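Okay, upload-v8.cif now, which holds mmCIF, C-alpha atoms:
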data_upload
#
loop_
_atom_site.label_atom_id
_atom_site.label_comp_id
_atom_site.auth_asym_id
_atom_site.auth_seq_id
_atom_site.Cartn_x
_atom_site.Cartn_y
_atom_site.Cartn_z
CA MET A 16 -36.34 -3.52 21.08
CA ARG A 17 -33.54 -5.06 19.08
CA VAL A 18 -34.70 -7.52 16.44
CA TYR A 19 -32.70 -9.74 14.14
CA VAL A 20 -33.98 -10.01 10.58
CA PRO A 21 -32.94 -13.13 8.61
CA LEU A 22 -32.04 -12.50 4.98
CA THR A 23 -29.90 -13.81 2.14
CA LEU A 24 -27.36 -11.75 0.21
CA PRO A 25 -29.92 -11.16 -2.60
CA GLY A 26 -32.42 -10.11 0.09
CA LEU A 27 -29.86 -7.71 1.55
CA ALA A 28 -29.20 -6.34 -1.95
CA ALA A 29 -32.94 -5.76 -2.43
CA ALA A 30 -33.17 -4.01 0.95
CA HIS A 31 -30.18 -1.86 0.01
CA GLN A 32 -31.81 -0.92 -3.29
CA THR A 33 -35.21 -0.06 -1.78
CA GLY A 34 -33.89 1.28 1.51
CA GLU A 35 -36.32 -0.95 3.41
CA LEU A 36 -35.92 -4.21 5.30
CA GLY A 37 -39.54 -5.00 4.74
CA GLU A 38 -43.06 -3.80 4.85
CA GLY A 39 -44.68 -5.32 7.90
CA PRO A 40 -45.56 -7.64 9.12
CA PHE A 41 -42.37 -9.60 8.58
CA LEU A 42 -40.51 -12.26 10.53
CA ALA A 43 -37.64 -11.41 12.85
CA TYR A 44 -36.14 -12.75 16.08
CA ALA A 45 -35.73 -11.09 19.45
CA VAL A 46 -35.35 -11.80 23.15
CA THR A 47 -38.87 -13.00 23.94
CA PRO A 48 -40.19 -14.44 27.22
CA ALA A 49 -40.13 -17.95 25.71
CA LEU A 50 -36.51 -17.50 24.58
CA ARG A 51 -35.56 -16.28 28.07
CA GLU A 52 -37.20 -19.33 29.64
CA TRP A 53 -35.59 -21.74 27.15
CA TYR A 54 -32.09 -20.25 27.43
CA LEU A 55 -32.17 -19.98 31.23
CA SER A 56 -30.03 -16.87 31.46
CA ASP A 57 -30.45 -13.32 32.64
CA ASP A 58 -27.38 -12.12 30.74
CA ILE A 59 -28.77 -9.87 28.00
CA GLU A 60 -25.71 -10.37 25.78
CA GLU A 61 -26.16 -14.15 25.88
CA LEU A 62 -29.87 -13.79 25.17
CA GLU A 63 -29.21 -11.42 22.24
CA TYR A 64 -26.70 -13.94 20.87
CA ALA A 65 -29.34 -16.68 21.16
CA ALA A 66 -31.83 -14.52 19.22
CA LEU A 67 -29.14 -13.83 16.58
CA SER A 68 -28.51 -17.58 16.32
CA ARG A 69 -32.21 -18.25 15.80
CA ALA A 70 -32.23 -15.65 13.01
CA ALA A 71 -29.16 -17.30 11.46
CA LEU A 72 -31.07 -20.60 11.36
CA ALA A 73 -33.98 -18.80 9.69
CA SER A 74 -31.52 -17.37 7.16
CA LEU A 75 -30.34 -20.92 6.49
CA ARG A 76 -33.96 -21.85 5.77
CA LEU A 77 -34.17 -18.97 3.29
CA LEU A 78 -31.02 -20.32 1.60
CA ALA A 79 -32.52 -23.81 1.41
CA ALA A 80 -35.52 -22.29 -0.40
CA ASP A 81 -33.34 -20.29 -2.84
CA PRO A 82 -30.65 -22.50 -4.42
CA ALA A 83 -29.38 -19.57 -6.53
CA ALA A 84 -28.48 -17.43 -3.48
CA PRO A 85 -24.83 -17.35 -2.38
CA ARG A 86 -24.43 -19.76 0.53
CA ARG A 87 -23.83 -17.23 3.26
CA ARG A 88 -26.27 -16.55 6.09
CA VAL A 89 -27.25 -12.92 6.61
CA VAL A 90 -28.86 -11.30 9.65
CA VAL A 91 -29.61 -7.60 10.05
CA ALA A 92 -29.81 -6.21 13.59
CA VAL A 93 -32.19 -3.29 13.94
CA ASP A 94 -33.86 -1.48 16.83
CA VAL A 95 -37.61 -1.02 16.52
CA PRO A 96 -40.09 0.56 18.94
CA ASP A 97 -41.25 -1.96 21.57
CA GLY A 98 -44.78 -2.03 20.22
CA ALA A 99 -43.62 -2.74 16.66
CA ALA A 100 -42.61 -6.35 17.37
CA SER A 101 -45.00 -8.91 18.77
CA VAL A 102 -45.00 -12.63 19.54
CA ASP A 103 -47.67 -14.74 17.85
CA PRO A 104 -49.60 -16.21 20.80
CA ASP A 105 -50.38 -19.34 18.79
CA ARG A 106 -46.66 -20.02 18.21
CA GLY A 107 -45.20 -18.62 21.43
CA LEU A 108 -44.66 -22.04 23.01
CA ASP A 109 -43.63 -23.85 19.82
CA PRO A 110 -39.93 -24.81 20.20
CA ALA A 111 -39.41 -24.10 16.50
CA ALA A 112 -40.62 -20.53 17.03
CA LEU A 113 -38.41 -19.55 19.99
CA GLY A 114 -37.56 -15.88 19.70
CA GLU A 115 -39.81 -15.41 16.68
CA VAL A 116 -41.58 -12.05 16.41
CA ARG A 117 -43.60 -10.25 13.76
CA VAL A 118 -42.53 -6.71 13.02
CA ALA A 119 -45.35 -4.38 12.03
CA GLY A 120 -44.83 -1.46 9.70
CA THR A 121 -41.98 -0.57 7.42
CA VAL A 122 -38.43 -0.67 8.75
CA ARG A 123 -35.85 1.42 6.93
CA LEU A 124 -32.45 -0.19 6.36
CA ALA A 125 -30.87 3.08 7.50
CA GLU A 126 -32.15 2.27 11.01
CA ALA A 127 -30.11 -0.96 11.15
CA ALA A 128 -27.44 -1.19 13.82
CA ALA A 129 -25.31 -3.83 12.07
CA VAL A 130 -25.25 -6.64 9.54
CA HIS A 131 -23.98 -10.12 10.37
CA VAL A 132 -22.78 -12.32 7.48
CA ASP A 133 -20.90 -15.59 7.15
CA ALA A 134 -17.29 -15.40 6.01
CA ALA A 135 -16.49 -16.91 2.63
CA ASP A 136 -14.83 -19.91 4.31
CA ALA A 137 -18.22 -20.92 5.77
CA GLU A 138 -19.83 -21.44 2.35
CA ALA A 139 -19.11 -25.19 2.08
CA ASP A 140 -20.59 -25.93 5.52
CA VAL A 141 -23.55 -23.58 4.95
CA THR A 142 -24.22 -25.25 1.58
CA ALA A 143 -24.18 -28.69 3.19
CA ALA A 144 -26.42 -27.47 6.01
CA ALA A 145 -28.96 -25.94 3.62
CA ASP A 146 -29.04 -29.18 1.64
CA ALA A 147 -29.45 -31.28 4.82
CA LEU A 148 -32.17 -29.11 6.35
CA PRO A 149 -35.19 -31.02 4.99
CA ALA A 150 -33.83 -34.35 6.27
CA ALA A 151 -32.94 -32.77 9.62
CA ASP A 152 -36.49 -31.42 9.92
CA GLY A 153 -37.68 -34.98 9.27
CA GLY A 154 -35.73 -36.27 12.28
CA ASP A 155 -32.52 -37.50 10.62
CA ASP A 156 -29.81 -37.16 13.29
CA ASP A 157 -26.95 -37.26 10.78
CA ALA A 158 -28.55 -34.44 8.79
CA GLN A 159 -29.07 -32.47 12.02
CA PHE A 160 -25.35 -32.86 12.74
CA VAL A 161 -24.61 -31.30 9.33
CA VAL A 162 -27.05 -28.44 10.00
CA ASP A 163 -25.44 -27.85 13.39
CA GLY A 164 -22.07 -27.65 11.61
CA ALA A 165 -23.07 -24.32 10.09
CA GLU A 166 -23.40 -22.96 13.63
CA ASP A 167 -19.70 -23.61 14.16
CA HIS A 168 -19.11 -20.53 11.99
CA GLU A 169 -19.53 -17.21 13.72
CA LEU A 170 -21.29 -14.56 11.70
CA LEU A 171 -19.02 -11.59 11.06
CA TRP A 172 -20.10 -8.10 12.11
CA TYR A 173 -20.35 -5.37 9.49
CA ALA A 174 -21.30 -1.71 9.82
CA THR A 175 -24.24 -0.66 7.69
CA GLN A 176 -21.88 1.49 5.58
CA GLU A 177 -20.27 -1.74 4.40
CA ILE A 178 -23.47 -3.11 2.84
CA PRO A 179 -22.57 -1.91 -0.70
CA ASN A 180 -19.37 -3.98 -0.51
CA LEU A 181 -21.28 -7.04 0.74
CA VAL A 182 -23.86 -6.97 -2.04
CA GLY A 183 -21.69 -5.55 -4.83
#

Rendering of file as structure tokens:
Amino acid sequence: MRVYVPLTLPGLAAAHQTGELGEGPFLAYAVTPALREWYLSDDIEELEYAALSRAALASLRLLAADPAAPRRRVVVAVDVPDGAASVDPDRGLDPAALGEVRVAGTVRLAEAAAVHVDAADAEADVTAAADALPAADGGDDDAQFVVDGAEDHELLWYATQEIPNLVG
């Protein structure tokens, strides 16, 4: 199963240093039954993109919690055994948890398929979105518009061999 792990650049640097994405259980995003139902598509590429987008939003939340982190969303795509990722039955129907899974066990960074990171030109919009996130969560439509603006930036694809350049 392909999962998308939300990180920040400092989180990616830590994973690069330790060689591990995390010691389970940790949060990731994947194509879950609830995500399939919400997205209304059978196209696996579209569903994978939706899961990646949910992970990018989770990365934005990590940035909002860490004002010192560079304002670029980071998502690591990694394949894990099917049994290693599970949906929390208490959150499965929560719209805020669409695609959310818990990954059990340790996942080595070497197993990652790719890394997705914002381009430098996204930093201003990502900064504004991270700052607006609390108000958007509180129901402020203008703040939600700012948060949605970060989604206008496509995350760039990087091979895992490029991680040292991303974090260096």

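Nearest residue to Val130 of chain A, choosing from A:His31, A:Glu63, A:Tyr54, A:Trp172 and counting only C-alpha atoms: A:Trp172.
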
- Starting from the shown file, work through the PyMOL selection byres ((chain A and resi 166) around 12) and note down what comes out as a count of residues only. 30

- Task: Return as a list in words the set of residues that the PyMOL selection byres ((chain A and resi 178-182) around 10) yields on the displayed structure.
- Result: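 Going through the file, the PyMOL selection byres ((chain A and resi 178-182) around 10) ends up selecting Leu24, Pro25, Gly26, Leu27, Ala28, Ala29, Ala30, His31, Gln32, Ala129, Val130, Val132, Tyr173, Ala174, Thr175, Gln176, Glu177 and Gly183 of chain A.
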
- Run the PyMOL selection byres ((chain A and resi 100) around 7) mentally over the shown coordinates, then write out the matched residues as a list of chain:residue names, using the chain letters and numbers from the document. A:Asp97, A:Gly98, A:Ala99, A:Ser101, A:Val116, A:Arg117, A:Val118, A:Ala119

- Task: Can you work out the spacing between atom CA of Thr121 of chain A and atom CA of Ala73 of chain A in Å, to one decimal?
- Result: 20.0 Å

Given 4 Å on each side, where is the centre and what are the edge lengths in Å to one decimal of the axis-aligned box enclosing the listed atoms of segment 90-106 of chain A, as JSON?
{"center_x": -39.6, "center_y": -9.7, "center_z": 15.6, "size_x": 29.5, "size_y": 28.6, "size_z": 19.9}

- Message: As an exercise, work out the distance from atom CA of Ala128 of chain A to atom CA of Val91 of chain A in Å and give it to one decimal place.
- Response: 7.7 Å

- Task: To one decimal in Å, tell me the separation between atom CA of Glu126 of chain A and atom CA of Val93 of chain A.
- Result: 6.3 Å

- Message: Which residues are near Tyr44 of chain A? Cut-off 6 Å, all atoms listed in the file, ignore same chain within fewer than 5 positions. Put them as a list in words.
- Response: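 In the requested form, the answer reads Val18, Tyr19, Ala66, Ala70, Gly114, Glu115 and Val116 of chain A.
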
- Item | Selection: 6 Å around Val90 of chain A, all atoms listed in the file, excl. self and same-chain fewer than 6 positions, as a list in words |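 Those residues are Val20, Pro21, Leu22, Val130 and His131 of chain A.
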
- Query: With distances taken over all atoms listed in the file, which of A:Asp81, A:Asp146, A:Asp57, A:Asp105 is nearest to Ala158 of chain A?
  - Reply: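 Of the candidates, the smallest distance to Ala158 of chain A is held by A:Asp146.
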
- Query: For Pro40 of chain A, which residue among A:Gly120, A:Pro82, A:Pro104, A:Pro110 is the nearest when counting all atoms listed in the file?
  - Reply: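 Using all atoms listed in the file, Pro40 of chain A sits closest to A:Gly120.
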
- Between A:Asp109, A:Asp94, A:Asp152, A:Asp136, which one has atoms that come closest to Ala45 of chain A, using all atoms listed in the file?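 Among A:Asp109, A:Asp94, A:Asp152, A:Asp136, it is A:Asp94 that comes nearest to Ala45 of chain A.
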